[in-house]
Amino acid sequence: MHRETFIEKLTEIQQNVEQLLTQLQSSEHDKFAAHLYRSRREYRSACDRSGKSGKQIERCVISTFQVAGSMGFKGDFRQWQELLRVGD
């Protein structure tokens, strides 16, 4: 009896994992939002570590802007930089 309960619980967990995997796969279409999130984190980190010249920040903005452009971002460089700064 204990073994049957364990198997039922294991089957339930497997179904939950499959549902979560399906949800993750369906949300992959919004890769731009994920890129923006990662870029903002990278930008904040670059701001914290950069020296006086700001070259590290500029490299961060340029590289993430290029990726965003390839993903369909229609704005210019300065608009992208403002998106990265939102909330700072």
# chains A, B, ... in the order shown; residues from 1 in each chain; ligands from 1
$ residues_around --residues "A:Val67" --least-positions-apart "2" --cutoff "12 Å" --atoms "only C-alpha atoms" --output "list in words"
Lys31, Phe32, Ala34, His35, Leu36, Arg38, Ser39, Cys60, Val61, Ile62, Ser63, Thr64, Phe65, Gly69, Ser70, Met71, Gly72, Phe73, Lys74, Phe77 and Trp80 of chain A
$ write_last_selection --atoms "C-alpha atoms" --output "compact mmCIF listing (two decimals), in the first residue's frame"
# COMPACT_ATOMS: atom_id res chain seq x y z
CA LYS A 31 13.01 36.33 -25.74
CA PHE A 32 13.26 40.10 -26.10
CA ALA A 34 14.45 38.13 -21.24
CA HIS A 35 17.24 39.88 -23.15
CA LEU A 36 16.17 43.25 -21.77
CA ARG A 38 19.63 40.34 -18.60
CA SER A 39 20.92 43.51 -20.26
CA CYS A 60 27.88 46.81 -22.48
CA VAL A 61 25.32 49.13 -24.06
CA ILE A 62 26.68 48.62 -27.59
CA SER A 63 26.78 44.83 -27.39
CA THR A 64 23.31 44.49 -25.87
CA PHE A 65 21.92 47.08 -28.32
CA GLY A 69 18.36 45.19 -32.84
CA SER A 70 18.67 41.68 -34.21
CA MET A 71 15.62 40.75 -32.13
CA GLY A 72 13.53 43.53 -33.63
CA PHE A 73 14.18 46.56 -31.40
CA LYS A 74 13.33 49.61 -33.54
CA PHE A 77 21.18 53.61 -29.30
CA TRP A 80 18.12 51.49 -25.68
$ select_by_dssp --residues "chain A" --states "alpha helix (DSSP H)" --output "PyMOL selection string"
chain A and resi 2-27+31-49+55-70+77-85
$ atom_distance --atom1 "atom CA of A:Ala33" --atom2 "atom CA of A:Glu18"
23.8 Å
$ atom_distance --atom1 "atom CA of A:Glu82" --atom2 "atom CA of A:Glu58"
12.7 Å
$ residues_around --residues "A:Ala46" --least-positions-apart "4" --cutoff "10 Å" --atoms "only C-alpha atoms" --output "list of chain:residue names"
A:Arg40, A:Arg41, A:Glu42, A:Ser50, A:Gly51, A:Gly54, A:Lys55, A:Gln56, A:Ile57, A:Glu58, A:Arg59, A:Cys60, A:Val61
$ write_last_selection --atoms "N, CA and C atoms" --output "tab-separated table (two decimals), in the first residue's frame"
chain	number	residue	atom	x	y	z
A	40	ARG	N	19.75	44.73	-18.52
A	40	ARG	CA	19.66	45.70	-17.42
A	40	ARG	C	20.53	45.27	-16.25
A	41	ARG	N	20.54	43.98	-15.95
A	41	ARG	CA	21.41	43.48	-14.88
A	41	ARG	C	22.88	43.70	-15.23
A	42	GLU	N	23.23	43.39	-16.48
A	42	GLU	CA	24.61	43.57	-16.93
A	42	GLU	C	24.99	45.05	-16.90
A	50	SER	N	32.66	50.04	-13.26
A	50	SER	CA	33.41	50.82	-14.25
A	50	SER	C	34.26	51.90	-13.60
A	51	GLY	N	35.27	52.30	-14.34
A	51	GLY	CA	36.14	53.37	-13.89
A	51	GLY	C	35.63	54.71	-14.39
A	54	GLY	N	34.25	55.13	-18.38
A	54	GLY	CA	32.94	54.62	-18.76
A	54	GLY	C	32.96	53.71	-19.98
A	55	LYS	N	34.17	53.29	-20.40
A	55	LYS	CA	34.26	52.42	-21.58
A	55	LYS	C	33.57	51.09	-21.37
A	56	GLN	N	33.64	50.57	-20.17
A	56	GLN	CA	33.00	49.29	-19.87
A	56	GLN	C	31.48	49.41	-20.02
A	57	ILE	N	30.92	50.50	-19.56
A	57	ILE	CA	29.48	50.73	-19.68
A	57	ILE	C	29.11	50.85	-21.16
A	58	GLU	N	29.91	51.61	-21.91
A	58	GLU	CA	29.62	51.81	-23.33
A	58	GLU	C	29.67	50.49	-24.09
A	59	ARG	N	30.67	49.65	-23.79
A	59	ARG	CA	30.75	48.34	-24.45
A	59	ARG	C	29.52	47.50	-24.14
A	60	CYS	N	29.08	47.56	-22.89
A	60	CYS	CA	27.88	46.81	-22.48
A	60	CYS	C	26.66	47.28	-23.27
A	61	VAL	N	26.49	48.59	-23.36
A	61	VAL	CA	25.32	49.13	-24.06
A	61	VAL	C	25.38	48.77	-25.54
$ atom_distance --atom1 "atom CA of A:Asp30" --atom2 "atom CA of A:Val17"
21.1 Å
$ decode --residues "stretch 56-69 of chain A" --atoms "all heavy atoms" --output "PDB file, in the first residue's frame"
ATOM      1  N   GLN A  56      33.637  50.570 -20.166  1.00  0.00           N
ATOM      2  CA  GLN A  56      32.998  49.288 -19.872  1.00  0.00           C
ATOM      3  C   GLN A  56      31.477  49.406 -20.022  1.00  0.00           C
ATOM      4  O   GLN A  56      30.828  48.520 -20.572  1.00  0.00           O
ATOM      5  CB  GLN A  56      33.374  48.837 -18.464  1.00  0.00           C
ATOM      6  CG  GLN A  56      32.909  47.446 -18.118  1.00  0.00           C
ATOM      7  CD  GLN A  56      33.426  46.995 -16.771  1.00  0.00           C
ATOM      8  OE1 GLN A  56      34.004  47.770 -16.022  1.00  0.00           O
ATOM      9  NE2 GLN A  56      33.207  45.737 -16.454  1.00  0.00           N
ATOM     10  N   ILE A  57      30.920  50.500 -19.564  1.00  0.00           N
ATOM     11  CA  ILE A  57      29.479  50.728 -19.684  1.00  0.00           C
ATOM     12  C   ILE A  57      29.109  50.851 -21.160  1.00  0.00           C
ATOM     13  O   ILE A  57      28.129  50.258 -21.625  1.00  0.00           O
ATOM     14  CB  ILE A  57      29.059  51.997 -18.919  1.00  0.00           C
ATOM     15  CG1 ILE A  57      29.313  51.829 -17.426  1.00  0.00           C
ATOM     16  CG2 ILE A  57      27.594  52.325 -19.177  1.00  0.00           C
ATOM     17  CD1 ILE A  57      29.158  53.105 -16.621  1.00  0.00           C
ATOM     18  N   GLU A  58      29.911  51.611 -21.907  1.00  0.00           N
ATOM     19  CA  GLU A  58      29.624  51.810 -23.325  1.00  0.00           C
ATOM     20  C   GLU A  58      29.673  50.491 -24.090  1.00  0.00           C
ATOM     21  O   GLU A  58      28.813  50.216 -24.931  1.00  0.00           O
ATOM     22  CB  GLU A  58      30.628  52.800 -23.924  1.00  0.00           C
ATOM     23  CG  GLU A  58      30.290  53.207 -25.335  1.00  0.00           C
ATOM     24  CD  GLU A  58      31.210  54.290 -25.865  1.00  0.00           C
ATOM     25  OE1 GLU A  58      31.956  54.892 -25.075  1.00  0.00           O
ATOM     26  OE2 GLU A  58      31.181  54.516 -27.085  1.00  0.00           O
ATOM     27  N   ARG A  59      30.668  49.653 -23.793  1.00  0.00           N
ATOM     28  CA  ARG A  59      30.753  48.338 -24.453  1.00  0.00           C
ATOM     29  C   ARG A  59      29.524  47.498 -24.137  1.00  0.00           C
ATOM     30  O   ARG A  59      28.991  46.806 -25.006  1.00  0.00           O
ATOM     31  CB  ARG A  59      32.020  47.609 -24.026  1.00  0.00           C
ATOM     32  CG  ARG A  59      33.257  48.051 -24.754  1.00  0.00           C
ATOM     33  CD  ARG A  59      34.412  47.077 -24.542  1.00  0.00           C
ATOM     34  NE  ARG A  59      34.758  46.886 -23.140  1.00  0.00           N
ATOM     35  CZ  ARG A  59      35.687  47.581 -22.492  1.00  0.00           C
ATOM     36  NH1 ARG A  59      36.351  48.518 -23.121  1.00  0.00           N
ATOM     37  NH2 ARG A  59      35.937  47.347 -21.220  1.00  0.00           N
ATOM     38  N   CYS A  60      29.076  47.561 -22.892  1.00  0.00           N
ATOM     39  CA  CYS A  60      27.883  46.814 -22.480  1.00  0.00           C
ATOM     40  C   CYS A  60      26.659  47.279 -23.268  1.00  0.00           C
ATOM     41  O   CYS A  60      25.906  46.470 -23.793  1.00  0.00           O
ATOM     42  CB  CYS A  60      27.650  46.985 -20.975  1.00  0.00           C
ATOM     43  SG  CYS A  60      26.091  46.352 -20.379  1.00  0.00           S
ATOM     44  N   VAL A  61      26.486  48.585 -23.355  1.00  0.00           N
ATOM     45  CA  VAL A  61      25.315  49.127 -24.059  1.00  0.00           C
ATOM     46  C   VAL A  61      25.376  48.771 -25.539  1.00  0.00           C
ATOM     47  O   VAL A  61      24.381  48.345 -26.131  1.00  0.00           O
ATOM     48  CB  VAL A  61      25.209  50.656 -23.866  1.00  0.00           C
ATOM     49  CG1 VAL A  61      24.072  51.220 -24.702  1.00  0.00           C
ATOM     50  CG2 VAL A  61      24.997  51.001 -22.404  1.00  0.00           C
ATOM     51  N   ILE A  62      26.545  48.909 -26.154  1.00  0.00           N
ATOM     52  CA  ILE A  62      26.679  48.617 -27.587  1.00  0.00           C
ATOM     53  C   ILE A  62      26.380  47.153 -27.872  1.00  0.00           C
ATOM     54  O   ILE A  62      25.607  46.832 -28.783  1.00  0.00           O
ATOM     55  CB  ILE A  62      28.091  48.997 -28.089  1.00  0.00           C
ATOM     56  CG1 ILE A  62      28.243  50.513 -28.095  1.00  0.00           C
ATOM     57  CG2 ILE A  62      28.346  48.431 -29.479  1.00  0.00           C
ATOM     58  CD1 ILE A  62      29.661  50.997 -28.338  1.00  0.00           C
ATOM     59  N   SER A  63      26.973  46.258 -27.104  1.00  0.00           N
ATOM     60  CA  SER A  63      26.777  44.832 -27.386  1.00  0.00           C
ATOM     61  C   SER A  63      25.333  44.406 -27.172  1.00  0.00           C
ATOM     62  O   SER A  63      24.780  43.645 -27.981  1.00  0.00           O
ATOM     63  CB  SER A  63      27.730  43.979 -26.542  1.00  0.00           C
ATOM     64  OG  SER A  63      27.416  44.076 -25.175  1.00  0.00           O
ATOM     65  N   THR A  64      24.708  44.888 -26.115  1.00  0.00           N
ATOM     66  CA  THR A  64      23.314  44.494 -25.874  1.00  0.00           C
ATOM     67  C   THR A  64      22.373  45.178 -26.864  1.00  0.00           C
ATOM     68  O   THR A  64      21.355  44.606 -27.245  1.00  0.00           O
ATOM     69  CB  THR A  64      22.887  44.792 -24.426  1.00  0.00           C
ATOM     70  OG1 THR A  64      23.035  46.191 -24.154  1.00  0.00           O
ATOM     71  CG2 THR A  64      23.701  43.978 -23.432  1.00  0.00           C
ATOM     72  N   PHE A  65      22.726  46.381 -27.314  1.00  0.00           N
ATOM     73  CA  PHE A  65      21.923  47.082 -28.322  1.00  0.00           C
ATOM     74  C   PHE A  65      21.942  46.321 -29.646  1.00  0.00           C
ATOM     75  O   PHE A  65      20.913  46.187 -30.310  1.00  0.00           O
ATOM     76  CB  PHE A  65      22.443  48.504 -28.527  1.00  0.00           C
ATOM     77  CG  PHE A  65      21.807  49.228 -29.672  1.00  0.00           C
ATOM     78  CD1 PHE A  65      20.482  49.635 -29.607  1.00  0.00           C
ATOM     79  CD2 PHE A  65      22.523  49.495 -30.824  1.00  0.00           C
ATOM     80  CE1 PHE A  65      19.882  50.307 -30.672  1.00  0.00           C
ATOM     81  CE2 PHE A  65      21.940  50.170 -31.891  1.00  0.00           C
ATOM     82  CZ  PHE A  65      20.612  50.571 -31.808  1.00  0.00           C
ATOM     83  N   GLN A  66      23.090  45.801 -30.020  1.00  0.00           N
ATOM     84  CA  GLN A  66      23.194  45.042 -31.269  1.00  0.00           C
ATOM     85  C   GLN A  66      22.324  43.787 -31.230  1.00  0.00           C
ATOM     86  O   GLN A  66      21.637  43.464 -32.201  1.00  0.00           O
ATOM     87  CB  GLN A  66      24.655  44.688 -31.559  1.00  0.00           C
ATOM     88  CG  GLN A  66      25.485  45.892 -31.925  1.00  0.00           C
ATOM     89  CD  GLN A  66      26.972  45.600 -31.980  1.00  0.00           C
ATOM     90  OE1 GLN A  66      27.445  44.606 -31.414  1.00  0.00           O
ATOM     91  NE2 GLN A  66      27.718  46.465 -32.651  1.00  0.00           N
ATOM     92  N   VAL A  67      22.340  43.110 -30.114  1.00  0.00           N
ATOM     93  CA  VAL A  67      21.498  41.913 -29.971  1.00  0.00           C
ATOM     94  C   VAL A  67      20.025  42.310 -30.011  1.00  0.00           C
ATOM     95  O   VAL A  67      19.212  41.661 -30.674  1.00  0.00           O
ATOM     96  CB  VAL A  67      21.837  41.147 -28.673  1.00  0.00           C
ATOM     97  CG1 VAL A  67      20.853  40.015 -28.437  1.00  0.00           C
ATOM     98  CG2 VAL A  67      23.257  40.628 -28.712  1.00  0.00           C
ATOM     99  N   ALA A  68      19.674  43.383 -29.304  1.00  0.00           N
ATOM    100  CA  ALA A  68      18.278  43.840 -29.291  1.00  0.00           C
ATOM    101  C   ALA A  68      17.824  44.207 -30.696  1.00  0.00           C
ATOM    102  O   ALA A  68      16.686  43.905 -31.090  1.00  0.00           O
ATOM    103  CB  ALA A  68      18.116  45.037 -28.355  1.00  0.00           C
ATOM    104  N   GLY A  69      18.704  44.850 -31.466  1.00  0.00           N
ATOM    105  CA  GLY A  69      18.365  45.192 -32.844  1.00  0.00           C
ATOM    106  C   GLY A  69      18.103  43.956 -33.683  1.00  0.00           C
ATOM    107  O   GLY A  69      17.178  43.931 -34.505  1.00  0.00           O
TER     108      GLY A  69
END
